[in-house]
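Visitor: File work-v2.csv below, CSV, C-alpha atoms:
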chain,number,residue,atom,x,y,z
A,134,MET,CA,36.5,0.0,-36.1
A,135,ALA,CA,37.1,0.2,-32.4
A,136,SER,CA,40.6,-0.4,-31.2
A,137,LEU,CA,41.5,-3.4,-29.0
A,138,LYS,CA,42.1,-1.1,-26.1
A,139,SER,CA,38.8,0.7,-26.3
A,140,LEU,CA,36.9,-2.6,-26.6
A,141,LYS,CA,38.6,-3.8,-23.5
A,142,LEU,CA,37.7,-0.7,-21.7
A,143,ARG,CA,34.1,-1.0,-22.7
A,144,ILE,CA,33.9,-4.6,-21.6
A,145,GLY,CA,35.2,-3.5,-18.2
A,146,SER,CA,32.6,-0.8,-17.9
A,147,VAL,CA,29.7,-3.0,-18.8
A,148,LYS,CA,31.0,-5.5,-16.3
A,149,SER,CA,30.9,-3.0,-13.5
A,150,THR,CA,27.5,-1.9,-14.5
A,151,GLN,CA,26.4,-5.5,-14.4
A,152,LYS,CA,27.8,-5.8,-10.9
A,153,ILE,CA,25.7,-2.8,-9.8
A,154,THR,CA,22.5,-4.0,-11.4
A,155,LYS,CA,23.0,-7.4,-9.9
A,156,ALA,CA,23.5,-5.9,-6.4
A,157,MET,CA,20.4,-3.8,-6.8
A,158,LYS,CA,18.4,-6.8,-7.9
A,159,MET,CA,19.5,-8.6,-4.8
A,160,VAL,CA,18.7,-5.7,-2.5
A,161,ALA,CA,15.3,-5.3,-4.1
A,162,ALA,CA,14.6,-9.0,-3.6
A,163,ALA,CA,15.4,-8.8,0.0
A,164,LYS,CA,13.3,-5.7,0.5
A,165,LEU,CA,10.5,-7.2,-1.5
A,166,ARG,CA,10.3,-10.1,0.9
A,167,ARG,CA,10.0,-7.7,3.8
A,168,ALA,CA,7.5,-5.5,2.1
A,169,GLN,CA,5.4,-8.4,1.1
A,170,SER,CA,5.3,-9.9,4.6
A,171,SER,CA,4.2,-6.6,6.1
A,172,ALA,CA,1.6,-6.2,3.4
A,173,GLU,CA,0.3,-9.6,4.3
A,174,ALA,CA,0.4,-8.8,8.1
A,175,GLY,CA,-1.8,-5.8,7.5
A,176,ARG,CA,-4.4,-7.7,5.6
A,177,PRO,CA,-6.6,-9.0,8.5
A,178,TYR,CA,-7.1,-5.6,9.9
A,179,SER,CA,-8.1,-4.0,6.6
A,180,THR,CA,-10.5,-6.8,5.7
A,181,ARG,CA,-12.1,-6.7,9.1
A,182,LEU,CA,-12.4,-3.0,9.0
A,183,SER,CA,-13.9,-2.8,5.6
A,184,GLU,CA,-16.4,-5.6,6.4
A,185,THR,CA,-17.5,-3.6,9.5
A,186,VAL,CA,-17.7,-0.4,7.6
A,187,ASN,CA,-19.8,-2.0,4.8
A,188,ARG,CA,-22.1,-3.5,7.4
A,189,LEU,CA,-22.5,-0.2,9.2
A,190,VAL,CA,-23.0,1.9,6.0
A,191,SER,CA,-25.9,-0.4,5.0
A,192,ARG,CA,-27.5,0.1,8.4
A,193,VAL,CA,-27.2,3.8,8.8
A,194,GLN,CA,-29.9,6.0,7.4
A,195,VAL,CA,-28.2,8.9,5.5
A,196,SER,CA,-29.8,12.2,6.5
A,197,ASP,CA,-28.8,15.8,6.4
A,198,SER,CA,-27.5,15.5,9.9
A,199,SER,CA,-25.2,12.6,9.2
A,200,PRO,CA,-21.5,13.3,9.2
A,201,ARG,CA,-20.1,14.7,6.0
A,202,LEU,CA,-17.9,11.7,5.3
A,203,ILE,CA,-21.0,9.6,5.0
A,204,ARG,CA,-23.4,11.8,3.0
A,205,GLY,CA,-20.7,13.6,0.9
A,206,THR,CA,-20.8,17.2,0.1
A,207,GLY,CA,-23.9,16.8,-2.0
A,208,LYS,CA,-22.0,17.6,-5.2
A,209,ASP,CA,-19.5,15.8,-7.4
A,210,ASP,CA,-17.9,18.7,-9.2
A,211,THR,CA,-14.4,18.5,-7.8
A,212,HIS,CA,-12.5,15.2,-7.8
A,213,LEU,CA,-9.3,14.6,-5.9
A,214,ILE,CA,-7.0,11.8,-7.0
A,215,VAL,CA,-4.5,10.6,-4.5
A,216,VAL,CA,-1.6,9.3,-6.5
A,217,VAL,CA,0.7,6.9,-4.7
A,218,THR,CA,4.1,6.5,-6.4
A,219,SER,CA,7.6,5.5,-5.4
A,220,ASP,CA,10.4,7.7,-4.4
A,221,ARG,CA,13.0,6.2,-6.6
A,222,GLY,CA,13.3,5.2,-10.2
A,223,LEU,CA,15.1,2.3,-11.8
A,224,ALA,CA,12.0,0.2,-11.6
A,225,GLY,CA,11.0,-0.2,-15.2
A,226,ALA,CA,7.6,1.1,-16.1
A,227,PHE,CA,6.3,1.0,-12.5
A,228,ASN,CA,5.6,4.7,-12.1
A,229,THR,CA,4.8,5.3,-15.7
A,230,ASN,CA,2.0,2.7,-15.5
A,231,ILE,CA,0.3,4.3,-12.5
A,232,ILE,CA,0.6,7.8,-13.9
A,233,ARG,CA,-0.8,6.7,-17.3
A,234,ALA,CA,-3.8,5.2,-15.5
A,235,VAL,CA,-4.2,8.4,-13.5
A,236,ARG,CA,-4.0,10.6,-16.5
A,237,LYS,CA,-6.6,8.5,-18.3
A,238,LYS,CA,-9.0,8.8,-15.4
A,239,ALA,CA,-8.4,12.5,-15.1
A,240,GLN,CA,-9.1,13.0,-18.8
A,241,GLU,CA,-12.4,11.1,-18.4
A,242,LEU,CA,-13.4,13.2,-15.5
A,243,VAL,CA,-12.4,16.4,-17.3
A,244,ALA,CA,-14.5,15.3,-20.3
A,245,GLU,CA,-17.4,15.0,-17.9
A,246,GLY,CA,-16.9,18.6,-16.9
A,247,LYS,CA,-15.4,17.9,-13.5
A,248,THR,CA,-12.5,19.7,-11.9
A,249,VAL,CA,-9.6,17.3,-11.1
A,250,LEU,CA,-7.1,17.9,-8.3
A,251,PHE,CA,-4.1,15.8,-7.4
A,252,TYR,CA,-2.5,14.9,-4.1
A,253,ILE,CA,0.8,13.1,-4.5
A,254,VAL,CA,2.4,10.6,-2.3
A,255,GLY,CA,6.0,9.8,-3.2
A,256,ARG,CA,8.5,11.7,-5.1
A,257,LYS,CA,8.3,10.3,-8.6
A,258,GLY,CA,4.7,11.3,-9.3
A,259,ARG,CA,5.2,15.0,-9.1
A,260,PRO,CA,7.1,15.9,-12.3
A,261,ALA,CA,4.8,13.8,-14.5
A,262,ILE,CA,1.6,15.2,-13.1
A,263,GLN,CA,3.0,18.7,-13.0
A,264,ARG,CA,3.7,18.5,-16.7
A,265,VAL,CA,0.1,18.0,-17.6
A,266,ALA,CA,-1.6,19.9,-14.8
A,267,PRO,CA,0.7,22.3,-13.0
A,268,LYS,CA,-2.0,24.0,-11.0
A,269,ALA,CA,-4.0,21.0,-10.0
A,270,ILE,CA,-1.6,19.6,-7.4
A,271,ILE,CA,-2.9,20.6,-4.0
A,272,GLY,CA,-0.5,18.7,-1.9
A,273,GLN,CA,2.3,16.2,-1.6
A,274,TYR,CA,3.5,13.9,1.1
A,275,ASP,CA,7.1,13.1,1.1
A,276,THR,CA,7.8,9.5,1.8
A,277,SER,CA,11.6,9.5,1.1
A,278,HIS,CA,12.5,9.8,4.8
A,279,MET,CA,11.1,6.4,5.7
A,280,LYS,CA,12.4,3.0,5.1
A,281,ALA,CA,9.1,1.2,5.1
A,282,PRO,CA,5.6,2.7,5.1
A,283,ALA,CA,4.4,3.2,8.7
A,284,PHE,CA,0.9,3.5,9.8
A,285,THR,CA,1.6,6.9,11.4
A,286,ASP,CA,2.4,8.2,7.9
A,287,ALA,CA,-0.8,6.9,6.4
A,288,ARG,CA,-2.7,8.5,9.3
A,289,ALA,CA,-1.0,11.8,8.8
A,290,ILE,CA,-2.0,11.8,5.1
A,291,ALA,CA,-5.5,10.7,5.9
A,292,GLU,CA,-6.0,13.4,8.6
A,293,ASP,CA,-4.8,16.1,6.2
A,294,LEU,CA,-7.1,14.9,3.5
A,295,VAL,CA,-10.1,14.5,5.8
A,296,ASP,CA,-9.6,18.1,7.0
A,297,ARG,CA,-9.6,19.3,3.5
A,298,PHE,CA,-12.6,17.3,2.7
A,299,GLN,CA,-14.5,18.7,5.6
A,300,SER,CA,-13.7,22.2,4.4
A,301,SER,CA,-15.1,21.4,1.0
A,302,GLN,CA,-12.0,21.6,-1.1
A,303,PHE,CA,-13.2,18.7,-3.1
A,304,ASP,CA,-16.3,16.4,-3.3
A,305,VAL,CA,-15.0,13.0,-4.3
A,306,VAL,CA,-11.7,11.3,-3.4
A,307,HIS,CA,-10.1,8.6,-5.5
A,308,LEU,CA,-7.1,6.6,-4.5
A,309,ALA,CA,-4.7,5.5,-7.2
A,310,TYR,CA,-2.0,3.0,-6.5
A,311,SER,CA,-0.3,-0.1,-7.9
A,312,GLU,CA,-1.7,-3.3,-6.7
A,313,PHE,CA,0.9,-6.0,-6.1
A,314,ARG,CA,-0.3,-9.0,-8.1
A,315,SER,CA,3.0,-10.8,-8.3
A,316,VAL,CA,6.7,-10.0,-8.7
A,317,LEU,CA,6.1,-9.7,-12.4
A,318,ALA,CA,2.8,-8.0,-12.4
A,319,GLN,CA,1.7,-4.8,-10.7
A,320,GLU,CA,-1.6,-3.4,-11.7
A,321,PRO,CA,-2.5,0.2,-11.5
A,322,LYS,CA,-5.7,0.6,-9.5
A,323,ILE,CA,-8.0,3.5,-8.9
A,324,LYS,CA,-10.8,3.3,-6.4
A,325,GLN,CA,-13.2,5.8,-4.9
A,326,ILE,CA,-12.9,6.3,-1.2
A,327,PHE,CA,-15.2,9.2,-0.3
A,328,PRO,CA,-18.1,9.3,-0.3
A,329,VAL,CA,-18.2,5.7,0.8
A,330,VAL,CA,-19.6,3.3,-1.8
A,331,GLY,CA,-20.7,0.0,-0.4
A,332,THR,CA,-20.5,-3.1,-2.4
A,333,PRO,CA,-24.2,-3.7,-2.9
A,334,VAL,CA,-24.1,-7.5,-3.5
A,335,ALA,CA,-21.9,-8.2,-0.5
A,336,GLU,CA,-23.9,-5.9,1.6
A,337,THR,CA,-27.2,-7.8,1.2
A,338,ASP,CA,-25.4,-11.0,1.9
A,339,LYS,CA,-24.0,-9.5,5.1
A,340,ALA,CA,-27.3,-8.1,6.2
A,341,LYS,CA,-28.7,-11.5,6.0
A,342,ALA,CA,-25.8,-13.1,7.7
A,343,ALA,CA,-25.4,-10.6,10.5
A,344,PRO,CA,-27.7,-10.9,13.5
A,345,ALA,CA,-30.2,-8.1,13.5
A,346,SER,CA,-29.9,-7.4,17.2
A,347,VAL,CA,-26.4,-6.0,17.4
A,348,GLU,CA,-26.1,-3.4,20.0
A,349,TYR,CA,-24.1,-0.3,19.3
A,350,GLU,CA,-22.4,1.9,21.7
A,351,PRO,CA,-22.6,5.0,21.5
A,352,ASP,CA,-24.7,4.4,18.3
A,353,GLU,CA,-24.2,3.4,14.7
A,354,GLU,CA,-23.7,6.9,13.4
A,355,ALA,CA,-21.2,7.9,16.0
A,356,ILE,CA,-19.2,4.7,15.5
A,357,LEU,CA,-19.3,5.2,11.7
A,358,ALA,CA,-18.2,8.8,12.0
A,359,GLU,CA,-15.2,7.6,14.0
A,360,LEU,CA,-14.6,4.6,11.8
A,361,LEU,CA,-14.6,6.3,8.4
A,362,PRO,CA,-11.4,8.4,8.8
A,363,ARG,CA,-9.8,5.4,10.3
A,364,ASN,CA,-10.9,3.3,7.4
A,365,PHE,CA,-9.4,5.9,5.1
A,366,SER,CA,-6.0,5.7,6.9
A,367,VAL,CA,-6.0,2.0,6.7
A,368,GLN,CA,-6.8,2.0,3.0
A,369,LEU,CA,-4.0,4.4,2.5
A,370,TYR,CA,-1.7,2.4,4.6
A,371,HIS,CA,-2.7,-0.7,2.6
A,372,ALA,CA,-2.0,1.3,-0.6
A,373,LEU,CA,1.4,2.4,0.6
A,374,LEU,CA,2.3,-1.2,1.5
A,375,GLU,CA,1.1,-2.5,-1.9
A,376,ASN,CA,3.0,0.3,-3.6
A,377,ALA,CA,6.2,-0.6,-1.7
A,378,ALA,CA,5.9,-4.2,-2.5
A,379,GLY,CA,5.1,-3.5,-6.1
A,380,PHE,CA,7.9,-1.1,-6.4
A,381,TYR,CA,10.5,-3.6,-5.2
A,382,GLY,CA,9.0,-6.3,-7.4
A,383,SER,CA,9.2,-4.1,-10.4
A,384,GLN,CA,12.7,-2.9,-9.5
A,385,MET,CA,13.8,-6.5,-9.1
A,386,THR,CA,12.5,-7.4,-12.5
A,387,ALA,CA,14.0,-4.4,-14.1
A,388,MET,CA,17.4,-5.0,-12.6
A,389,ASP,CA,17.2,-8.7,-13.5
A,390,ASN,CA,16.6,-7.7,-17.1
A,391,ALA,CA,19.4,-5.1,-17.0
A,392,THR,CA,21.8,-7.7,-15.6
A,393,ARG,CA,20.9,-10.1,-18.4
A,394,ASN,CA,21.3,-7.4,-21.0
A,395,ALA,CA,24.7,-6.5,-19.7
A,396,GLY,CA,25.6,-10.2,-19.9
A,397,ASP,CA,24.6,-10.3,-23.5
A,398,MET,CA,26.5,-7.2,-24.2
A,399,ILE,CA,29.6,-8.5,-22.6
A,400,ASN,CA,29.3,-11.7,-24.7
A,401,ARG,CA,29.0,-9.7,-27.9
A,402,LEU,CA,31.8,-7.4,-27.1
A,403,SER,CA,34.1,-10.3,-26.1
A,404,ILE,CA,33.5,-12.0,-29.4
A,405,GLN,CA,34.3,-8.8,-31.2
A,406,TYR,CA,37.4,-8.3,-29.1
A,407,ASN,CA,38.6,-11.9,-29.7
A,408,ARG,CA,38.0,-11.6,-33.4
A,409,GLN,CA,39.9,-8.5,-33.6
A,410,ARG,CA,42.8,-9.9,-31.6
A,411,GLN,CA,42.9,-12.9,-33.9
A,412,ALA,CA,42.9,-10.6,-36.9
A,413,ALA,CA,45.8,-8.6,-35.5
A,414,ILE,CA,47.8,-11.8,-34.8
A,415,THR,CA,47.1,-13.1,-38.4
A,416,THR,CA,48.3,-9.8,-39.9
A,417,GLU,CA,51.4,-9.9,-37.8
A,418,LEU,CA,52.1,-13.5,-38.9
A,419,VAL,CA,51.6,-12.7,-42.5
A,420,GLU,CA,54.0,-9.8,-42.2
A,421,ILE,CA,56.7,-11.9,-40.5
A,422,ILE,CA,56.3,-14.7,-43.1
A,423,SER,CA,56.4,-12.4,-46.1
A,424,GLY,CA,59.4,-10.6,-44.5
A,425,ALA,CA,61.2,-13.9,-44.1
A,426,GLU,CA,60.4,-14.9,-47.6
A,427,ALA,CA,61.8,-11.7,-49.0
A,428,LEU,CA,65.2,-12.5,-47.5
B,126,MET,CA,-18.3,-23.4,29.3
B,127,ALA,CA,-16.8,-23.0,26.0
B,128,ASP,CA,-13.9,-20.5,25.6
B,129,LEU,CA,-14.2,-17.2,23.9
B,130,HIS,CA,-12.5,-16.7,20.6
B,131,PHE,CA,-10.5,-13.5,20.9
B,132,GLU,CA,-8.6,-11.6,18.2
B,133,LEU,CA,-6.6,-8.5,18.6
B,134,VAL,CA,-5.6,-6.9,15.3
B,135,THR,CA,-3.6,-3.7,14.5
B,136,PRO,CA,-2.8,-2.3,11.1
B,137,GLU,CA,0.7,-3.7,11.3
B,138,LYS,CA,-0.2,-7.3,12.3
B,139,LEU,CA,-2.5,-9.8,13.9
B,140,VAL,CA,-1.4,-9.5,17.5
B,141,ARG,CA,-3.3,-12.2,19.2
B,142,SER,CA,-5.7,-14.9,18.1
B,143,ASP,CA,-6.6,-17.1,21.0
B,144,GLU,CA,-9.2,-19.0,22.9
B,145,VAL,CA,-9.6,-17.3,26.3
B,146,HIS,CA,-12.0,-17.3,29.2
B,147,MET,CA,-12.8,-13.6,29.4
B,148,VAL,CA,-11.6,-10.3,28.2
B,149,VAL,CA,-12.2,-6.9,29.8
B,150,VAL,CA,-12.4,-4.2,27.1
B,151,PRO,CA,-12.1,-0.4,27.7
B,152,GLY,CA,-15.1,0.8,25.8
B,153,SER,CA,-15.7,4.4,25.2
B,154,GLU,CA,-18.8,4.3,27.4
B,155,GLY,CA,-17.2,2.2,30.1
B,156,GLU,CA,-15.3,-1.0,30.6
B,157,PHE,CA,-17.1,-4.2,29.8
B,158,GLY,CA,-16.2,-7.9,30.1
B,159,VAL,CA,-16.8,-10.4,27.3
B,160,MET,CA,-17.2,-14.1,27.8
B,161,ALA,CA,-18.3,-16.8,25.4
B,162,GLY,CA,-21.9,-16.4,24.3
B,163,HIS,CA,-22.0,-12.6,24.7
B,164,ALA,CA,-24.7,-10.9,22.8
B,165,PRO,CA,-23.7,-9.2,19.5
B,166,PHE,CA,-22.3,-5.8,20.4
B,167,MET,CA,-20.1,-3.2,19.0
B,168,THR,CA,-18.4,-0.2,20.4
B,169,THR,CA,-15.5,2.3,20.0
B,170,LEU,CA,-12.6,2.1,22.4
B,171,LYS,CA,-11.0,4.6,24.6
B,172,ASP,CA,-7.2,4.4,25.2
B,173,GLY,CA,-6.7,2.0,28.0
B,174,GLU,CA,-5.9,-1.5,29.1
B,175,LEU,CA,-7.2,-4.7,27.7
B,176,LYS,CA,-7.3,-7.4,30.4
B,177,ILE,CA,-7.2,-11.0,29.2
B,178,TYR,CA,-8.1,-13.8,31.6
B,179,LYS,CA,-6.9,-17.0,30.0
B,180,THR,CA,-8.6,-19.3,32.4
B,181,PRO,CA,-11.3,-18.7,35.1
B,182,GLY,CA,-8.8,-18.6,38.0
B,183,SER,CA,-5.8,-16.9,36.4
B,184,GLY,CA,-4.7,-13.3,36.8
B,185,PRO,CA,-5.2,-10.9,34.0
B,186,GLU,CA,-2.7,-10.3,31.2
B,187,THR,CA,-2.9,-6.7,30.2
B,188,ILE,CA,-2.3,-5.1,26.8
B,189,THR,CA,-2.4,-1.4,26.4
B,190,VAL,CA,-4.4,-0.4,23.4
B,191,SER,CA,-5.3,2.9,21.8
B,192,GLY,CA,-7.8,4.0,19.3
B,193,GLY,CA,-10.1,1.5,17.7
B,194,PHE,CA,-13.2,-0.5,18.3
B,195,ALA,CA,-14.4,-3.9,19.5
B,196,GLU,CA,-16.9,-6.1,17.9
B,197,VAL,CA,-18.6,-9.1,19.5
B,198,GLY,CA,-20.3,-11.5,17.1
B,199,ASP,CA,-20.9,-15.1,16.6
B,200,GLN,CA,-17.2,-15.7,15.9
B,201,GLY,CA,-16.2,-14.2,19.2
B,202,LEU,CA,-14.6,-10.9,20.1
B,203,VAL,CA,-12.5,-8.9,17.6
B,204,VAL,CA,-10.6,-5.9,18.8
B,205,LEU,CA,-9.3,-3.6,16.1
B,206,ALA,CA,-6.8,-1.2,17.7
B,207,GLU,CA,-4.5,1.3,16.1
B,208,SER,CA,-1.7,0.3,18.4
B,209,ALA,CA,-1.2,-2.4,21.0
B,210,ASN,CA,1.6,-2.9,23.5
B,211,ALA,CA,1.9,-5.8,25.8
With the file now loaded, output its structure as structure tokens.

Guide:
Amino acid sequence: MASLKSLKLRIGSVKSTQKITKAMKMVAAAKLRRAQSSAEAGRPYSTRLSETVNRLVSRVQVSDSSPRLIRGTGKDDTHLIVVVTSDRGLAGAFNTNIIRAVRKKAQELVAEGKTVLFYIVGRKGRPAIQRVAPKAIIGQYDTSHMKAPAFTDARAIAEDLVDRFQSSQFDVVHLAYSEFRSVLAQEPKIKQIFPVVGTPVAETDKAKAAPASVEYEPDEEAILAELLPRNFSVQLYHALLENAAGFYGSQMTAMDNATRNAGDMINRLSIQYNRQRQAAITTELVEIISGAEAL
Amino acid sequence: MADLHFELVTPEKLVRSDEVHMVVVPGSEGEFGVMAGHAPFMTTLKDGELKIYKTPGSGPETITVSGGFAEVGDQGLVVLAESANA
């Protein structure tokens, strides 16, 4: 049985751990609020842009002369998965969830006979992907220098990837990130970005709703060619923001649980400590009384 | 005449959402002014100044925008720019 002193030490150490987790929870909550508001602030832009892109895609006739981003490379042998993860841990199963979803998707693609490549955003994704597919990582973007995702970062990643796409390093691009549902729920999401897939149902609605006589300057295709890389940066930016918000949400929950667990542990240890103290006092009393009786 | 509904949006936030008299937009093929009831139109932008005339008589308020496009539809004018500085 542990001695009184060691029990006391343990209670002390659990208490300081609890202080740390509590502080981390509060920090995460504050950062979550900021991340959430910037995610919301970016929403009008991304919805407008994807509406416009959808409308344009439905209008443009895809031909051999169309830009590569529209018509694709004509194959779908090599798939790239852009994995967005966080830079730090201590956020429960946040990164594990997204990586599990990515691996599952990769396995499906491999089973179909495709080659799968990875591009990793954030620090935490790399080791996990490297373990399963050490040669398939074609690039990584380090986000640890920035406090909050900035649009310029998203643009840098997008430009890099568009260049690689143009030079036929891969045929299809998927984006995997955690969608921020609520503080308690982040859902891993994987969607295809290139070649562009319109949402057929919404498109026909839009085609009906949109006036037919829209004038385009320079012309639809030129606009679309400019719009698509931009749309990609915006979607990436959106993913980064959602990821940041999700990360802080997840960290907050994880730290809240840790704080509560530490509390439980302190209670348990205190009870044990008090019992032992009482037992020691009782033994001492018994000794004194029996000593006095013996006189 | 009714006012033009004008929105200026960047990836970071919705910069402006306003009823204005006229906006002059730096299109890639030349500047153009938009007032209420403009025909549906869409163009990419070149880096330049967006001039907003709040009322018919007032002087322009300028916002420097770069990279993006403008769309004129039934709902008014929507400018999506990558960056915007007043």

Visitor: Would you compute an axis-aligned box for range 179-185 of chain B, covering every atom listed for it in the file with 5 Å of margin on each side, and report centre and edge lengths in Å to one decimal as AutoDock Vina command-line options?

Guide:
--center_x -8.0 --center_y -15.1 --center_z 34.0 --size_x 16.6 --size_y 18.4 --size_z 18.0

Visitor: Find the spatial neighbours of Ile188 in chain B, counting only C-alpha atoms, within a cut-off of 7 Å - ignore same-chain residues fewer than 5 positions away - and output them as number ranges by chain.

Guide: B: 174-176, 209-211

Visitor: Closest to Gln200 in chain B among B:Val149, B:Ala164, B:Ile177, B:Leu139, using only C-alpha atoms?

Guide: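 Answer, going by the shortest atom-to-atom distance: B:Ala164.
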
Visitor: What are the closest atom pairs, with distances in Å to one decimal, for all residues of chain A lying within 9 Å of chain B? Consider only C-alpha atoms, order rows by chain and residue number, and present the result as CSV.

Guide:
residue,atom,partner,partner_atom,distance
A:Ser171,CA,B:Glu137,CA,6.9
A:Ala172,CA,B:Glu137,CA,8.3
A:Glu173,CA,B:Lys138,CA,8.3
A:Ala174,CA,B:Lys138,CA,4.5
A:Gly175,CA,B:Glu137,CA,5.0
A:Arg176,CA,B:Pro136,CA,7.9
A:Pro177,CA,B:Leu139,CA,6.8
A:Tyr178,CA,B:Pro136,CA,5.6
A:Ser179,CA,B:Pro136,CA,7.2
A:Arg181,CA,B:Leu205,CA,8.2
A:Leu182,CA,B:Leu205,CA,7.8
A:Thr185,CA,B:Glu196,CA,8.8
A:Ala283,CA,B:Glu137,CA,8.2
A:Phe284,CA,B:Pro136,CA,7.0
A:Ala343,CA,B:Gly198,CA,8.4
A:Pro344,CA,B:Pro165,CA,7.4
A:Ala345,CA,B:Pro165,CA,8.9
A:Ser346,CA,B:Pro165,CA,6.9
A:Val347,CA,B:Pro165,CA,4.7
A:Glu348,CA,B:Phe166,CA,4.5
A:Tyr349,CA,B:Met167,CA,4.9
A:Glu350,CA,B:Thr168,CA,4.7
A:Pro351,CA,B:Thr168,CA,6.8
A:Asp352,CA,B:Thr168,CA,8.1
A:Glu353,CA,B:Met167,CA,8.9
A:Ala355,CA,B:Thr169,CA,8.9
A:Ile356,CA,B:Thr169,CA,6.3
A:Glu359,CA,B:Thr169,CA,8.0
A:Leu360,CA,B:Gly193,CA,8.0
A:Arg363,CA,B:Gly193,CA,8.4
A:Val367,CA,B:Pro136,CA,6.9
A:Tyr370,CA,B:Pro136,CA,8.1
A:His371,CA,B:Pro136,CA,8.6

Visitor: Which value, in Å to one decimal, gives the distance between CA of Val316 in chain A and CA of Phe380 in chain A?

Guide: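 Interatomic distance here is 9.3 Å.
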
Visitor: Go through A:Gly396, A:Pro267, A:Gly379, A:Pro260 and flag the residue nearest Ala224 in chain A, using all atoms listed in the file for the distances.

Guide: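 Checking each candidate against Ala224 in chain A, we get A:Gly379 as the closest.
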
Visitor: Report the distance between CA of Tyr178 in chain B and CA of Ala161 in chain B in Å, rounded to one decimal place.

Guide: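 Pair CA of Tyr178 in chain B / CA of Ala161 in chain B returns 12.3 Å.
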
Visitor: Expressed in Å to a single decimal, how great is the separation between CA of Arg259 in chain A and CA of Tyr381 in chain A?

Guide: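 Distance reported for this atom pair: 19.7 Å.
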
Visitor: Would you kindly return, as a list in words, each protein, DNA or RNA residue with an atom no farther than 8 Å from any atom of Ile326 in chain A, considering all atoms listed in the file and excluding same-chain residues fewer than 5 positions away?

Guide: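 The contact residues come out as Val305, Val306, His307, Leu308 and Phe365 of chain A.
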
Visitor: Could you take the residues named above and write them with C-alpha atoms, as a PDB file, keeping the file's coordinate frame?

Guide:
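Done, and the output landed in selection-v7.pdb:
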ATOM      1  CA  VAL A 305     -15.000  13.000  -4.300  1.00  0.00           C
ATOM      2  CA  VAL A 306     -11.700  11.300  -3.400  1.00  0.00           C
ATOM      3  CA  HIS A 307     -10.100   8.600  -5.500  1.00  0.00           C
ATOM      4  CA  LEU A 308      -7.100   6.600  -4.500  1.00  0.00           C
ATOM      5  CA  PHE A 365      -9.400   5.900   5.100  1.00  0.00           C
TER       6      PHE A 365
END

Visitor: Which residues are close to Gly246 in chain A, i.e. within 12 Å by only C-alpha atoms, leaving aside same-chain residues fewer than 3 positions away? Reply as a VMD selection string.

Guide: chain A and resid 209 to 212 239 to 243 249

Visitor: Using only C-alpha atoms, can you tell me which of A:Ile421, A:Tyr406, A:Met388, A:Lys257 comes closest to Leu140 in chain A?

Guide: A:Tyr406

Visitor: So which one's closest to Gly201 in chain B, B:His146, B:Lys171, B:His130, B:His163? Using all atoms listed in the file, please.

Guide: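 Closest candidate: B:His130.
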
Visitor: So which one's closest to Val190 in chain B, B:Phe131, B:Pro151, B:Asp143, B:Phe157? Using all atoms listed in the file, please.

Guide: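 Of all the options, B:Pro151 lies closest to Val190 in chain B.
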
Visitor: Find the residues with any atom within 12 Å of (53.9, -9.5, -41.3); use all atoms listed in the file and the coordinates as given in the file, and write the answer as a PyMOL selection string.

Guide: chain A and resi 412-427

Visitor: For range 148-160 of chain A, find every residue with an atom within 10 Å (counting only C-alpha atoms), except residues of its own chain fewer than 6 positions away, and show them as number ranges by chain.

Guide: A: 142, 223, 381-396, 398-399

Visitor: Of the candidates A:Arg236, A:Ala289, A:Lys280, A:Leu189, which one gets nearest to Arg264 in chain A if we count all atoms listed in the file?

Guide: A:Arg236
